[in-house]
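Asker: Just dropping this structure here.
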Amino acid sequence: MPATSSKPTIKILYAESDEETLATHSALMKKAGHHVTTAVGRHAVQDALRHDAFDLVVLGSTLTKDDRHHLPYMVKKVHQGTKVLIMHAASRHHEVDATIDAGTSMQLVLEKIARVMSDQMVSA
């Protein structure tokens, strides 16, 4: 019998404005076993949300402050149960489930993703 992973696959929409950062970080998320859809900029995030549902939306540090402020509202409006993680958030936003500093290692980001999603599973 084939071995099955005990860790559930998380469906992530990951957005940045910088394509190089997006490619590097999304590759690490995929390597950790997550299904990752990428989006460059606000309009691509909005388009992805119209076409699919995600467990988690990660808004990266290269998005503008304005995008990191407005996109959580858009995420929750389209998919209320979707979690939102913002990298490089100066303050807590009521539509955001978690924040993490932009300079944090990707390993810590992946750990934060796991914690955010396990909180969802416990409260579901």
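Chain identifiers are assigned as A, B, and so on, following the order in which chains appear in the structure tokens; residues are numbered from 1 within each chain, and ligands are numbered from 1 in order of appearance.
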What lies within 12 Å of range 37-40 of chain A using only C-alpha atoms, ignoring chain neighbours under 6 positions off, as a count of residues only?
Answerer: 38
Asker: Find the spatial neighbours of Leu71 in chain A, counting only C-alpha atoms, within a cut-off of 9 Å - ignore same-chain residues fewer than 2 positions away - and output them as a ChimeraX atom specification.
Answerer: /A:42,45-46,59,66-69,73-76
Asker: As a PyMOL selection string, please: every residue in chain A that DSSP puts in alpha helix (DSSP H).
Answerer: chain A and resi 19-31+42-51+65-78+106-123
Asker: Those residues with C-alpha atoms, as a PDB file, in the first residue's frame please?
Answerer:
```
ATOM      1  CA  GLU A  19       8.109  38.169  -9.924  1.00  0.00           C
ATOM      2  CA  GLU A  20      11.531  36.949  -8.724  1.00  0.00           C
ATOM      3  CA  THR A  21      10.459  36.975  -5.074  1.00  0.00           C
ATOM      4  CA  LEU A  22       7.206  35.278  -6.062  1.00  0.00           C
ATOM      5  CA  ALA A  23       9.019  32.505  -7.941  1.00  0.00           C
ATOM      6  CA  THR A  24      11.551  31.866  -5.176  1.00  0.00           C
ATOM      7  CA  HIS A  25       9.064  31.761  -2.296  1.00  0.00           C
ATOM      8  CA  SER A  26       6.350  29.855  -4.145  1.00  0.00           C
ATOM      9  CA  ALA A  27       8.892  27.151  -5.046  1.00  0.00           C
ATOM     10  CA  LEU A  28       9.664  26.716  -1.336  1.00  0.00           C
ATOM     11  CA  MET A  29       5.948  26.525  -0.479  1.00  0.00           C
ATOM     12  CA  LYS A  30       5.458  23.877  -3.164  1.00  0.00           C
ATOM     13  CA  LYS A  31       8.486  21.963  -1.884  1.00  0.00           C
ATOM     14  CA  ARG A  42      -3.750  43.209  -7.035  1.00  0.00           C
ATOM     15  CA  HIS A  43      -5.634  42.562 -10.262  1.00  0.00           C
ATOM     16  CA  ALA A  44      -4.195  39.059 -10.595  1.00  0.00           C
ATOM     17  CA  VAL A  45      -5.279  38.301  -7.007  1.00  0.00           C
ATOM     18  CA  GLN A  46      -8.793  39.508  -7.738  1.00  0.00           C
ATOM     19  CA  ASP A  47      -8.928  37.416 -10.917  1.00  0.00           C
ATOM     20  CA  ALA A  48      -7.670  34.283  -9.125  1.00  0.00           C
ATOM     21  CA  LEU A  49     -10.286  34.732  -6.368  1.00  0.00           C
ATOM     22  CA  ARG A  50     -13.065  34.978  -8.945  1.00  0.00           C
ATOM     23  CA  HIS A  51     -12.005  31.687 -10.533  1.00  0.00           C
ATOM     24  CA  LYS A  65       0.926  48.911   1.402  1.00  0.00           C
ATOM     25  CA  ASP A  66      -2.378  49.884  -0.206  1.00  0.00           C
ATOM     26  CA  ASP A  67      -2.755  46.400  -1.748  1.00  0.00           C
ATOM     27  CA  ARG A  68      -1.897  44.703   1.543  1.00  0.00           C
ATOM     28  CA  HIS A  69      -4.588  46.846   3.179  1.00  0.00           C
ATOM     29  CA  HIS A  70      -7.397  46.415   0.626  1.00  0.00           C
ATOM     30  CA  LEU A  71      -6.906  42.840  -0.564  1.00  0.00           C
ATOM     31  CA  PRO A  72      -7.890  41.205   2.768  1.00  0.00           C
ATOM     32  CA  TYR A  73     -11.341  42.815   2.441  1.00  0.00           C
ATOM     33  CA  MET A  74     -11.613  41.479  -1.099  1.00  0.00           C
ATOM     34  CA  VAL A  75     -10.558  37.981  -0.039  1.00  0.00           C
ATOM     35  CA  LYS A  76     -13.116  37.804   2.787  1.00  0.00           C
ATOM     36  CA  LYS A  77     -15.865  39.288   0.601  1.00  0.00           C
ATOM     37  CA  VAL A  78     -15.426  36.551  -2.011  1.00  0.00           C
ATOM     38  CA  MET A 106      10.906  31.083   4.588  1.00  0.00           C
ATOM     39  CA  GLN A 107      11.103  28.249   7.115  1.00  0.00           C
ATOM     40  CA  LEU A 108       9.422  30.464   9.719  1.00  0.00           C
ATOM     41  CA  VAL A 109       6.850  31.567   7.130  1.00  0.00           C
ATOM     42  CA  LEU A 110       6.025  27.899   6.446  1.00  0.00           C
ATOM     43  CA  GLU A 111       5.705  27.276  10.191  1.00  0.00           C
ATOM     44  CA  LYS A 112       3.362  30.277  10.477  1.00  0.00           C
ATOM     45  CA  ILE A 113       1.266  28.899   7.590  1.00  0.00           C
ATOM     46  CA  ALA A 114       0.984  25.569   9.419  1.00  0.00           C
ATOM     47  CA  ARG A 115      -0.093  27.325  12.648  1.00  0.00           C
ATOM     48  CA  VAL A 116      -2.686  29.485  10.893  1.00  0.00           C
ATOM     49  CA  MET A 117      -4.178  26.497   9.128  1.00  0.00           C
ATOM     50  CA  SER A 118      -4.154  24.291  12.236  1.00  0.00           C
ATOM     51  CA  ASP A 119      -6.069  27.041  14.063  1.00  0.00           C
ATOM     52  CA  GLN A 120      -8.666  26.864  11.297  1.00  0.00           C
ATOM     53  CA  MET A 121      -8.915  23.087  11.559  1.00  0.00           C
ATOM     54  CA  VAL A 122      -9.385  23.255  15.336  1.00  0.00           C
ATOM     55  CA  SER A 123     -12.106  25.905  15.091  1.00  0.00           C
TER      56      SER A 123
END
```
Asker: Between CA of Gly81 in chain A and CA of Thr9 in chain A, what is the distance in Å, rounded to a tenth?
Answerer: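 Atom-to-atom, CA of Gly81 in chain A and CA of Thr9 in chain A are spaced 16.6 Å apart.
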Asker: CA of Thr82 in chain A and CA of Thr104 in chain A, how far apart in Å?
Answerer: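 Value for the CA of Thr104 in chain A-CA of Thr82 in chain A distance: 22.8 Å.
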Asker: Please indicate the distance in Å from CA of Lys83 in chain A to CA of Ala98 in chain A, rounded to one decimal place.
Answerer: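 A separation of 8.2 Å between them.
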Asker: Looking only at strand (DSSP E) from DSSP on the backbone, list the matching residues of chain A as a list in words.
Answerer: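 The residues of chain A classed as strand (DSSP E) are Lys11, Ile12, Leu13, Tyr14, Ala15, Glu16, His35, Val36, Thr37, Thr38, Ala39, Val40, Leu56, Val57, Val58, Leu59, Lys83, Val84, Leu85, Ile86, Met87, Ala98, Thr99 and Ile100 of chain A.
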Asker: Could you turn the residues from that selection into a file that holds N, CA, C and O atoms, as a CSV table (one decimal), in the first residue's frame?
Answerer:
```csv
chain,number,residue,atom,x,y,z
A,11,LYS,N,-4.2,24.7,0.0
A,11,LYS,CA,-4.3,25.4,-1.3
A,11,LYS,C,-4.1,26.9,-1.0
A,11,LYS,O,-4.9,27.5,-0.4
A,12,ILE,N,-3.0,27.4,-1.5
A,12,ILE,CA,-2.5,28.7,-1.2
A,12,ILE,C,-2.6,29.6,-2.5
A,12,ILE,O,-2.1,29.1,-3.6
A,13,LEU,N,-3.0,30.8,-2.4
A,13,LEU,CA,-2.9,31.8,-3.4
A,13,LEU,C,-1.8,32.8,-2.8
A,13,LEU,O,-2.0,33.3,-1.7
A,14,TYR,N,-0.7,32.9,-3.5
A,14,TYR,CA,0.5,33.7,-3.0
A,14,TYR,C,0.7,34.8,-4.0
A,14,TYR,O,0.8,34.6,-5.2
A,15,ALA,N,0.7,36.0,-3.5
A,15,ALA,CA,0.8,37.2,-4.3
A,15,ALA,C,2.0,38.1,-3.9
A,15,ALA,O,2.3,38.3,-2.7
A,16,GLU,N,2.7,38.6,-4.9
A,16,GLU,CA,3.7,39.6,-4.8
A,16,GLU,C,3.6,40.5,-5.9
A,16,GLU,O,3.0,40.2,-6.9
A,35,HIS,N,-0.2,23.2,-2.4
A,35,HIS,CA,-0.6,23.5,-3.8
A,35,HIS,C,-0.6,25.1,-3.9
A,35,HIS,O,-1.4,25.7,-3.1
A,36,VAL,N,0.2,25.6,-4.7
A,36,VAL,CA,0.4,27.1,-4.7
A,36,VAL,C,0.0,27.7,-6.1
A,36,VAL,O,0.5,27.2,-7.1
A,37,THR,N,-0.9,28.6,-6.1
A,37,THR,CA,-1.2,29.4,-7.2
A,37,THR,C,-0.6,30.8,-7.0
A,37,THR,O,-0.7,31.3,-5.9
A,38,THR,N,0.1,31.3,-8.0
A,38,THR,CA,0.7,32.6,-7.8
A,38,THR,C,0.0,33.7,-8.6
A,38,THR,O,-0.7,33.5,-9.6
A,39,ALA,N,0.2,34.9,-8.1
A,39,ALA,CA,-0.5,36.1,-8.7
A,39,ALA,C,0.5,37.3,-8.5
A,39,ALA,O,1.1,37.5,-7.5
A,40,VAL,N,0.6,38.0,-9.6
A,40,VAL,CA,1.5,39.2,-9.6
A,40,VAL,C,0.6,40.5,-9.5
A,40,VAL,O,-0.1,40.8,-10.5
A,56,LEU,N,-5.9,29.5,2.0
A,56,LEU,CA,-5.0,30.6,2.5
A,56,LEU,C,-4.6,31.5,1.4
A,56,LEU,O,-4.2,31.1,0.3
A,57,VAL,N,-4.6,32.8,1.6
A,57,VAL,CA,-4.1,33.8,0.7
A,57,VAL,C,-2.9,34.5,1.5
A,57,VAL,O,-3.0,35.0,2.6
A,58,VAL,N,-1.7,34.4,0.8
A,58,VAL,CA,-0.5,35.0,1.4
A,58,VAL,C,-0.2,36.3,0.6
A,58,VAL,O,0.0,36.2,-0.6
A,59,LEU,N,-0.2,37.4,1.2
A,59,LEU,CA,0.1,38.7,0.6
A,59,LEU,C,1.5,39.1,0.9
A,59,LEU,O,1.8,39.4,2.1
A,83,LYS,N,-8.4,32.0,5.0
A,83,LYS,CA,-7.4,32.7,5.9
A,83,LYS,C,-6.5,33.7,5.1
A,83,LYS,O,-6.2,33.4,3.9
A,84,VAL,N,-6.1,34.7,5.7
A,84,VAL,CA,-5.2,35.7,5.1
A,84,VAL,C,-3.9,35.9,6.0
A,84,VAL,O,-4.1,36.2,7.2
A,85,LEU,N,-2.8,35.7,5.4
A,85,LEU,CA,-1.5,36.0,6.0
A,85,LEU,C,-0.8,37.1,5.3
A,85,LEU,O,-0.6,37.0,4.0
A,86,ILE,N,-0.4,38.1,6.0
A,86,ILE,CA,0.3,39.2,5.3
A,86,ILE,C,1.7,39.2,5.8
A,86,ILE,O,2.0,39.2,7.0
A,87,MET,N,2.6,39.3,4.9
A,87,MET,CA,4.1,39.5,5.2
A,87,MET,C,4.3,41.0,5.2
A,87,MET,O,3.9,41.7,4.3
A,98,ALA,N,-3.3,36.5,10.2
A,98,ALA,CA,-1.9,36.4,10.8
A,98,ALA,C,-1.0,37.3,10.0
A,98,ALA,O,-1.2,37.6,8.8
A,99,THR,N,0.1,37.8,10.7
A,99,THR,CA,1.1,38.6,10.0
A,99,THR,C,2.4,38.0,10.3
A,99,THR,O,2.6,37.3,11.3
A,100,ILE,N,3.4,38.4,9.5
A,100,ILE,CA,4.8,38.0,9.8
A,100,ILE,C,5.7,39.0,9.1
A,100,ILE,O,5.4,39.6,8.1
```
